[in-house]
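Take a look at the structure below.
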Amino acid sequence: MTSDTDPVLAEDPITGEEIELPADVEVGEIIDSPVTGTELEVISLDPVVLEEAPELEEDWGE
Amino acid sequence: MQIGILYSRIRKDEKLLLGELRDRGHEVEKIDVRKERFGLDSTTANVDDLDIVVDRCLSTSRSLYATQFLDSYGVPIVNTPETGDICADKAKNSLALARADVPTPATEVTFTKEAAMESIEEFGYPCVLKPVVGSWGRLMAKIDSRNAAEAILEHKETLGHYEHKVFYIQEFVDKPGRDIRALAVDGEPIAAMTRSSDHWLTNAAKGGETKPFDLDDRALELVERASEAVGDGLLGVDLMEVGGEGSGEYTVHEVNHTVEFKALDATTDVDVPAKVVDWLEAKAAAAADGEEVTA
């Protein structure tokens with residue numbers, strides 16, 4: 001049984017290793033892969049799917 | 001309330017905002033602009049019942065178009081497309097500040113590298129060359145010599161897209177190793193901090209060290225006037241001290257319209273997301289009462 005405070009487990013899309021995400025992770029959130037440091041985007045939560053995040057573009061910012 | 005968030009990436013800032021909205025019991029509609037279609041009369045995004053939408057798009061181009069479409073459907077949105085249009089472009093930003101008689105660094109825009117070279121020589125060295133659209137200190141150049149100027153201008157003309165052929169040239173302000181970021185809602189500051197660095201770029205995104213800063217009366221006045229100059233809203237107003245640290249004299253170099261606040265929240269004792277949501281609730285209530293959202 002899981003609770004709201006349990007970490008979420010997901011597969012790192014680059015290495016295939018299992019990684020831990022914060023319990024309050026959001027769709028659209030960017031996570032730094034603890035394995036490679038690559039930025040990963042949370043695509044969905046049920047099931048948890050991660051993809052490599054888009055490259056930074058020139059018009060990004062504040 | 002039902003509050004929409006336009007986004008293309010959930011940063012720490014959006015996460016703080018989402019957490020505060022949900023803690024207060026608001027229904028949040030996350031609108032990923034990458035997945036939606038925006039027609040002339042309607043959109044695939046679920047916006048019909050929203051009390052207000054807050055634009056948190058990371059991409060400036062998406063922010064500017066998506067807010068215009070939502071505004072055209074009559075959806076209350078902050079910041080407004082008009083404010084975004086001014087803040088997203090450094091030339092428009094400078095013009096708005098100058099029009100409102102807010103002190104801002106001397107600036108020229110040129111459209112050829114020859115005219116840019118004339119402008120740079122007249123400013124003298126060092127001076128600063130910035131892209132008209134961009135953030136986080138990216139592609140900004142402090143030009144120390146004619147040789148450097150010639151090289152940078154040639155690179156921009158050869159390698160850049162058309163926006164890089166709009167040369168935005170500015171005096172170099174000899175700030176005391178820090179600048180000031182004030183977060184304000186409709187001109188009223190929520191919190192402020194300094195950003196310090198040995199590098200000439202002091203942006204927090206560039207690793208500048210941040211400390212809380214108490215705005216004095218002059219700074220408060222300038223934040224209010226700078227905010228009003230761009231049409232008000234949830235804004236990051238950036239100031240530099242002229243005449244040394246604590247001089248009480250400032251110049252406002254820009255106003256940011258999809259302002260990041262995680263550094264300010266971590267630096268100061270102010271609960272920044274709570275203050276932002278207080279303001280959003282007030283804006284939504286005003287919109288429900290039929291007032292035009294002007295921010």
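Naming works like this for the structure tokens: A, B, ... for the chains as they're shown, residue 1 at the start of each chain, ligands 1 onward in shown order.
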
Chain B contacts on chain A, only C-alpha atoms, 8 Å, as a list in words: Glu26, Val27, Gly28, Glu29, Ile30, Glu57, Glu58, Asp59, Trp60, Gly61 and Glu62 of chain A

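Counting only C-alpha atoms, B:Ile143 has the following residues at most 12 Å away, ignoring those fewer than 6 positions along the same chain: Met117, Ile120, Glu121, Phe123, Gly124, Tyr125, Pro126, Cys127, Val128, Leu129, Lys130, Ala149, Glu150, Ala151, Ile152, Leu153, Ile169, Gln170, Glu171, Phe172 and Trp200 of chain B.
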
DSSP helix (DSSP H, G or I) residues within stretch 58-209 of chain B, listed as an MDAnalysis selection string: chainID B and resid 60:72 81:87 90:99 113:123 146:159 162:165 204:206

I need the residues in stretch 3-55 of chain A that are strand (DSSP E) according to DSSP; give them as a compact mmCIF listing (two decimals) with all heavy atoms, in the first residue's frame.
# COMPACT_ATOMS: atom_id res chain seq x y z
N VAL A 8 7.87 7.96 -5.42
CA VAL A 8 7.35 7.30 -6.61
C VAL A 8 8.54 6.69 -7.35
O VAL A 8 9.57 7.33 -7.51
CB VAL A 8 6.64 8.34 -7.51
CG1 VAL A 8 6.14 7.70 -8.79
CG2 VAL A 8 5.49 9.00 -6.74
N LEU A 9 8.37 5.46 -7.79
CA LEU A 9 9.46 4.80 -8.51
C LEU A 9 9.20 4.87 -10.01
O LEU A 9 8.06 4.76 -10.47
CB LEU A 9 9.57 3.34 -8.07
CG LEU A 9 9.91 3.14 -6.57
CD1 LEU A 9 9.90 1.65 -6.22
CD2 LEU A 9 11.27 3.76 -6.22
N ALA A 10 10.28 5.08 -10.76
CA ALA A 10 10.15 5.18 -12.21
C ALA A 10 11.41 4.66 -12.87
O ALA A 10 12.45 4.53 -12.22
CB ALA A 10 9.91 6.63 -12.62
N GLU A 11 11.28 4.37 -14.17
CA GLU A 11 12.44 3.90 -14.91
C GLU A 11 13.13 5.08 -15.59
O GLU A 11 12.48 5.86 -16.29
CB GLU A 11 12.01 2.88 -15.95
CG GLU A 11 13.19 2.29 -16.73
CD GLU A 11 12.71 1.32 -17.80
OE1 GLU A 11 12.00 0.35 -17.46
OE2 GLU A 11 13.04 1.55 -18.98
N GLU A 18 16.04 1.94 -12.13
CA GLU A 18 14.90 2.43 -11.36
C GLU A 18 15.36 3.63 -10.53
O GLU A 18 16.39 3.58 -9.87
CB GLU A 18 14.38 1.33 -10.44
CG GLU A 18 13.06 1.70 -9.79
CD GLU A 18 12.47 0.54 -9.00
OE1 GLU A 18 13.02 0.21 -7.93
OE2 GLU A 18 11.47 -0.04 -9.45
N ILE A 19 14.59 4.72 -10.59
CA ILE A 19 14.94 5.91 -9.81
C ILE A 19 13.75 6.34 -8.96
O ILE A 19 12.60 5.98 -9.26
CB ILE A 19 15.40 7.08 -10.70
CG1 ILE A 19 14.32 7.48 -11.72
CG2 ILE A 19 16.70 6.73 -11.41
CD1 ILE A 19 14.69 8.71 -12.55
N GLU A 20 14.04 7.09 -7.92
CA GLU A 20 13.02 7.54 -6.98
C GLU A 20 12.64 8.98 -7.28
O GLU A 20 13.51 9.83 -7.43
CB GLU A 20 13.60 7.49 -5.56
CG GLU A 20 12.91 6.50 -4.67
CD GLU A 20 13.49 6.48 -3.27
OE1 GLU A 20 13.67 7.56 -2.67
OE2 GLU A 20 13.77 5.38 -2.78
N LEU A 21 11.35 9.25 -7.37
CA LEU A 21 10.87 10.62 -7.56
C LEU A 21 10.17 11.06 -6.28
O LEU A 21 9.67 10.22 -5.52
CB LEU A 21 9.86 10.68 -8.72
CG LEU A 21 10.29 10.02 -10.04
CD1 LEU A 21 9.17 10.18 -11.08
CD2 LEU A 21 11.56 10.67 -10.57
N ILE A 30 10.19 18.81 -14.15
CA ILE A 30 11.51 18.41 -14.62
C ILE A 30 12.30 17.86 -13.44
O ILE A 30 12.40 18.49 -12.39
CB ILE A 30 12.25 19.61 -15.25
CG1 ILE A 30 11.41 20.21 -16.38
CG2 ILE A 30 13.62 19.19 -15.75
CD1 ILE A 30 11.11 19.30 -17.54
N ILE A 31 12.84 16.67 -13.63
CA ILE A 31 13.59 15.98 -12.58
C ILE A 31 15.02 15.79 -13.09
O ILE A 31 15.22 15.43 -14.25
CB ILE A 31 12.98 14.56 -12.36
CG1 ILE A 31 11.49 14.65 -12.03
CG2 ILE A 31 13.76 13.77 -11.33
CD1 ILE A 31 11.18 15.17 -10.66
N ASP A 32 15.98 16.02 -12.24
CA ASP A 32 17.36 15.68 -12.61
C ASP A 32 17.57 14.20 -12.33
O ASP A 32 17.39 13.75 -11.19
CB ASP A 32 18.36 16.50 -11.79
CG ASP A 32 18.37 17.96 -12.20
OD1 ASP A 32 18.03 18.23 -13.37
OD2 ASP A 32 18.68 18.82 -11.37
N GLU A 39 18.28 16.08 -17.48
CA GLU A 39 16.95 16.57 -17.13
C GLU A 39 15.89 15.66 -17.76
O GLU A 39 15.91 15.41 -18.97
CB GLU A 39 16.75 18.00 -17.63
CG GLU A 39 17.50 19.03 -16.79
CD GLU A 39 17.03 20.45 -17.08
OE1 GLU A 39 16.60 20.72 -18.21
OE2 GLU A 39 17.11 21.28 -16.17
N LEU A 40 14.97 15.19 -16.92
CA LEU A 40 13.89 14.32 -17.39
C LEU A 40 12.56 14.99 -17.13
O LEU A 40 12.37 15.63 -16.10
CB LEU A 40 13.94 12.98 -16.63
CG LEU A 40 15.26 12.21 -16.69
CD1 LEU A 40 15.20 10.99 -15.76
CD2 LEU A 40 15.59 11.78 -18.12
N GLU A 41 11.64 14.84 -18.08
CA GLU A 41 10.30 15.40 -17.89
C GLU A 41 9.34 14.29 -17.49
O GLU A 41 9.37 13.21 -18.08
CB GLU A 41 9.82 16.07 -19.18
CG GLU A 41 8.42 16.65 -19.02
CD GLU A 41 7.92 17.41 -20.24
OE1 GLU A 41 8.74 17.72 -21.12
OE2 GLU A 41 6.72 17.67 -20.30
N VAL A 42 8.48 14.60 -16.54
CA VAL A 42 7.45 13.64 -16.14
C VAL A 42 6.30 13.75 -17.14
O VAL A 42 5.62 14.77 -17.22
CB VAL A 42 6.95 13.94 -14.70
CG1 VAL A 42 5.88 12.92 -14.30
CG2 VAL A 42 8.10 13.95 -13.72
N ILE A 43 6.11 12.70 -17.92
CA ILE A 43 5.09 12.70 -18.98
C ILE A 43 3.74 12.26 -18.44
O ILE A 43 2.70 12.80 -18.81
CB ILE A 43 5.53 11.77 -20.14
CG1 ILE A 43 6.88 12.22 -20.69
CG2 ILE A 43 4.48 11.70 -21.23
CD1 ILE A 43 6.90 13.63 -21.27
N SER A 44 3.75 11.25 -17.58
CA SER A 44 2.48 10.82 -16.95
C SER A 44 2.81 10.20 -15.60
O SER A 44 3.96 9.87 -15.32
CB SER A 44 1.75 9.81 -17.84
OG SER A 44 2.45 8.59 -17.89
N LEU A 45 1.75 10.06 -14.79
CA LEU A 45 1.94 9.51 -13.44
C LEU A 45 1.32 8.13 -13.27
O LEU A 45 1.67 7.40 -12.35
CB LEU A 45 1.35 10.47 -12.39
CG LEU A 45 2.15 11.75 -12.15
CD1 LEU A 45 1.42 12.65 -11.17
CD2 LEU A 45 3.54 11.44 -11.64
N VAL A 48 3.85 5.83 -14.35
CA VAL A 48 4.89 6.87 -14.34
C VAL A 48 5.78 6.70 -15.57
O VAL A 48 6.39 5.65 -15.77
CB VAL A 48 5.75 6.79 -13.06
CG1 VAL A 48 6.77 7.92 -13.05
CG2 VAL A 48 4.86 6.86 -11.84
N VAL A 49 5.80 7.75 -16.39
CA VAL A 49 6.63 7.72 -17.60
C VAL A 49 7.50 8.97 -17.61
O VAL A 49 7.01 10.09 -17.42
CB VAL A 49 5.76 7.68 -18.89
CG1 VAL A 49 6.65 7.77 -20.13
CG2 VAL A 49 4.92 6.42 -18.92
N LEU A 50 8.78 8.76 -17.83
CA LEU A 50 9.72 9.87 -17.93
C LEU A 50 10.30 9.89 -19.34
O LEU A 50 10.48 8.85 -19.96
CB LEU A 50 10.88 9.68 -16.94
CG LEU A 50 10.52 9.55 -15.46
CD1 LEU A 50 11.78 9.28 -14.65
CD2 LEU A 50 9.84 10.80 -14.95
N GLU A 51 10.60 11.10 -19.81
CA GLU A 51 11.32 11.24 -21.09
C GLU A 51 12.41 12.28 -20.89
O GLU A 51 12.31 13.13 -20.00
CB GLU A 51 10.37 11.73 -22.20
CG GLU A 51 9.46 10.67 -22.75
CD GLU A 51 8.57 11.20 -23.88
OE1 GLU A 51 8.73 12.38 -24.27
OE2 GLU A 51 7.72 10.43 -24.34
N GLU A 52 13.40 12.21 -21.76
CA GLU A 52 14.43 13.23 -21.70
C GLU A 52 13.77 14.59 -21.96
O GLU A 52 12.98 14.72 -22.91
CB GLU A 52 15.50 12.94 -22.75
CG GLU A 52 16.79 13.66 -22.47
CD GLU A 52 17.95 13.16 -23.33
OE1 GLU A 52 17.82 12.09 -23.97
OE2 GLU A 52 18.97 13.82 -23.36

All residues 9 Å or closer to B:Asn79, only C-alpha atoms, same chain fewer than 2 positions away omitted, as an NGL selection string: :B and (53-55 or 67 or 77 or 81-84 or 231-235 or 257-258 or 293-295)

Same residues, all heavy atoms, saved as a compact mmCIF listing (two decimals), in the first residue's frame:
# COMPACT_ATOMS: atom_id res chain seq x y z
N VAL B 53 -6.78 32.65 -15.18
CA VAL B 53 -5.65 31.83 -15.64
C VAL B 53 -4.37 32.62 -15.37
O VAL B 53 -4.32 33.83 -15.61
CB VAL B 53 -5.76 31.51 -17.15
CG1 VAL B 53 -4.49 30.80 -17.65
CG2 VAL B 53 -6.98 30.65 -17.43
N VAL B 54 -3.37 31.94 -14.85
CA VAL B 54 -2.07 32.59 -14.65
C VAL B 54 -1.09 32.00 -15.65
O VAL B 54 -0.97 30.78 -15.78
CB VAL B 54 -1.59 32.47 -13.18
CG1 VAL B 54 -1.52 31.04 -12.70
CG2 VAL B 54 -0.24 33.14 -12.99
N ASP B 55 -0.46 32.89 -16.40
CA ASP B 55 0.49 32.45 -17.44
C ASP B 55 1.84 32.18 -16.81
O ASP B 55 2.48 33.08 -16.27
CB ASP B 55 0.61 33.56 -18.50
CG ASP B 55 1.78 33.30 -19.45
OD1 ASP B 55 2.08 32.12 -19.71
OD2 ASP B 55 2.37 34.28 -19.94
N THR B 67 -1.60 33.64 -24.38
CA THR B 67 -2.35 34.63 -23.59
C THR B 67 -3.25 35.47 -24.48
O THR B 67 -4.36 35.83 -24.09
CB THR B 67 -1.40 35.55 -22.79
OG1 THR B 67 -0.46 36.16 -23.67
CG2 THR B 67 -0.67 34.79 -21.70
N ILE B 77 -6.99 36.64 -17.59
CA ILE B 77 -5.65 36.09 -17.55
C ILE B 77 -4.65 37.10 -17.00
O ILE B 77 -4.74 38.30 -17.29
CB ILE B 77 -5.22 35.58 -18.95
CG1 ILE B 77 -3.85 34.90 -18.88
CG2 ILE B 77 -5.22 36.68 -20.00
CD1 ILE B 77 -3.61 33.90 -19.96
N PRO B 81 -1.77 39.87 -22.11
CA PRO B 81 -0.89 39.83 -23.28
C PRO B 81 -0.20 41.16 -23.53
O PRO B 81 0.92 41.19 -24.03
CB PRO B 81 -1.83 39.45 -24.43
CG PRO B 81 -3.20 39.45 -23.91
CD PRO B 81 -3.14 39.46 -22.41
N GLU B 82 -0.86 42.26 -23.18
CA GLU B 82 -0.25 43.58 -23.40
C GLU B 82 1.00 43.75 -22.54
O GLU B 82 2.05 44.22 -22.99
CB GLU B 82 -1.25 44.70 -23.08
CG GLU B 82 -2.43 44.80 -24.04
CD GLU B 82 -3.54 43.79 -23.77
OE1 GLU B 82 -3.52 43.16 -22.67
OE2 GLU B 82 -4.41 43.60 -24.63
N THR B 83 0.88 43.34 -21.27
CA THR B 83 2.04 43.42 -20.38
C THR B 83 3.15 42.48 -20.86
O THR B 83 4.32 42.85 -20.89
CB THR B 83 1.62 43.07 -18.93
OG1 THR B 83 0.77 44.11 -18.45
CG2 THR B 83 2.82 42.93 -18.01
N GLY B 84 2.75 41.27 -21.25
CA GLY B 84 3.73 40.31 -21.75
C GLY B 84 4.46 40.84 -22.97
O GLY B 84 5.68 40.70 -23.09
N GLY B 231 1.99 48.06 -17.56
CA GLY B 231 0.60 47.60 -17.47
C GLY B 231 0.28 46.79 -16.23
O GLY B 231 -0.79 46.19 -16.14
N ASP B 232 1.18 46.78 -15.26
CA ASP B 232 1.00 46.10 -13.97
C ASP B 232 0.85 44.59 -14.12
O ASP B 232 0.86 44.04 -15.21
CB ASP B 232 -0.20 46.69 -13.21
CG ASP B 232 0.17 47.95 -12.44
OD1 ASP B 232 1.34 48.06 -12.02
OD2 ASP B 232 -0.72 48.80 -12.24
N GLY B 233 0.76 43.90 -12.97
CA GLY B 233 0.67 42.44 -12.96
C GLY B 233 1.62 41.86 -11.93
O GLY B 233 2.10 42.56 -11.03
N LEU B 234 1.86 40.57 -12.07
CA LEU B 234 2.84 39.87 -11.22
C LEU B 234 4.19 40.00 -11.93
O LEU B 234 4.41 39.35 -12.96
CB LEU B 234 2.43 38.40 -11.08
CG LEU B 234 3.46 37.45 -10.44
CD1 LEU B 234 3.77 37.85 -9.01
CD2 LEU B 234 2.95 36.01 -10.51
N LEU B 235 5.06 40.81 -11.38
CA LEU B 235 6.23 41.22 -12.14
C LEU B 235 7.51 41.15 -11.31
O LEU B 235 7.49 41.35 -10.09
CB LEU B 235 6.05 42.67 -12.63
CG LEU B 235 4.86 42.90 -13.57
CD1 LEU B 235 4.61 44.40 -13.73
CD2 LEU B 235 5.09 42.25 -14.92
N HIS B 257 7.94 39.42 -16.93
CA HIS B 257 6.49 39.14 -16.82
C HIS B 257 6.14 37.69 -16.48
O HIS B 257 4.99 37.43 -16.11
CB HIS B 257 5.77 39.55 -18.11
CG HIS B 257 5.91 38.59 -19.24
ND1 HIS B 257 7.09 38.37 -19.88
CD2 HIS B 257 4.99 37.79 -19.84
CE1 HIS B 257 6.90 37.48 -20.84
NE2 HIS B 257 5.65 37.10 -20.83
N THR B 258 7.05 36.73 -16.63
CA THR B 258 6.74 35.38 -16.10
C THR B 258 7.79 35.10 -15.03
O THR B 258 8.55 34.14 -15.12
CB THR B 258 6.75 34.29 -17.19
OG1 THR B 258 7.94 34.42 -17.97
CG2 THR B 258 5.54 34.38 -18.09
N VAL B 293 -9.64 42.67 -16.04
CA VAL B 293 -8.33 42.33 -15.49
C VAL B 293 -7.31 43.18 -16.24
O VAL B 293 -7.13 43.05 -17.44
CB VAL B 293 -8.02 40.83 -15.66
CG1 VAL B 293 -6.60 40.52 -15.21
CG2 VAL B 293 -9.01 40.00 -14.87
N THR B 294 -6.69 44.07 -15.50
CA THR B 294 -5.76 44.99 -16.17
C THR B 294 -4.32 44.60 -15.97
O THR B 294 -3.43 45.27 -16.43
CB THR B 294 -5.95 46.42 -15.63
OG1 THR B 294 -5.80 46.39 -14.20
CG2 THR B 294 -7.31 46.97 -16.01
N ALA B 295 -4.10 43.55 -15.21
CA ALA B 295 -2.71 43.18 -14.96
C ALA B 295 -2.36 41.92 -15.71
O ALA B 295 -3.21 41.13 -16.02
CB ALA B 295 -2.49 42.95 -13.49

Spatial neighbours of A:Thr15, 10 Å, only C-alpha atoms, chain gap at least 6 places, as a list in words: Ser33, Val35 and Thr36 of chain A

Near-stretch 191-198 of chain B list (8 Å; only C-alpha atoms; drop same-chain fewer than 5 positions) as a ChimeraX atom specification: /B:177-184,203-204,207-215,264,267-268,270,272

Would you put the residues from that selection into a file with C-alpha atoms, as an mmCIF file, in the first residue's frame?
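For reference, part_39.cif as written:
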data_model
loop_
_atom_site.group_PDB
_atom_site.id
_atom_site.type_symbol
_atom_site.label_atom_id
_atom_site.label_comp_id
_atom_site.auth_asym_id
_atom_site.auth_seq_id
_atom_site.Cartn_x
_atom_site.Cartn_y
_atom_site.Cartn_z
ATOM 1 C CA GLY B 177 28.667 43.957 -7.628
ATOM 2 C CA ARG B 178 24.969 43.400 -7.138
ATOM 3 C CA ASP B 179 21.585 44.219 -8.520
ATOM 4 C CA ILE B 180 18.147 44.114 -6.939
ATOM 5 C CA ARG B 181 15.154 41.952 -7.833
ATOM 6 C CA ALA B 182 11.799 43.058 -6.464
ATOM 7 C CA LEU B 183 8.736 40.872 -6.912
ATOM 8 C CA ALA B 184 5.628 43.009 -7.061
ATOM 9 C CA ASN B 203 21.426 36.904 -12.240
ATOM 10 C CA ALA B 204 20.421 34.211 -9.755
ATOM 11 C CA GLY B 207 24.708 31.606 -9.752
ATOM 12 C CA GLY B 208 24.572 35.070 -8.177
ATOM 13 C CA GLU B 209 24.446 35.000 -4.368
ATOM 14 C CA THR B 210 21.130 36.254 -3.020
ATOM 15 C CA LYS B 211 20.326 38.223 0.155
ATOM 16 C CA PRO B 212 17.136 39.887 1.387
ATOM 17 C CA PHE B 213 16.900 43.593 0.581
ATOM 18 C CA ASP B 214 14.733 46.278 2.186
ATOM 19 C CA LEU B 215 13.425 48.623 -0.471
ATOM 20 C CA LEU B 264 13.236 35.002 -3.446
ATOM 21 C CA THR B 267 16.155 33.975 0.477
ATOM 22 C CA THR B 268 13.578 35.978 2.411
ATOM 23 C CA VAL B 270 8.260 36.111 3.141
ATOM 24 C CA VAL B 272 6.106 34.314 -1.546
#
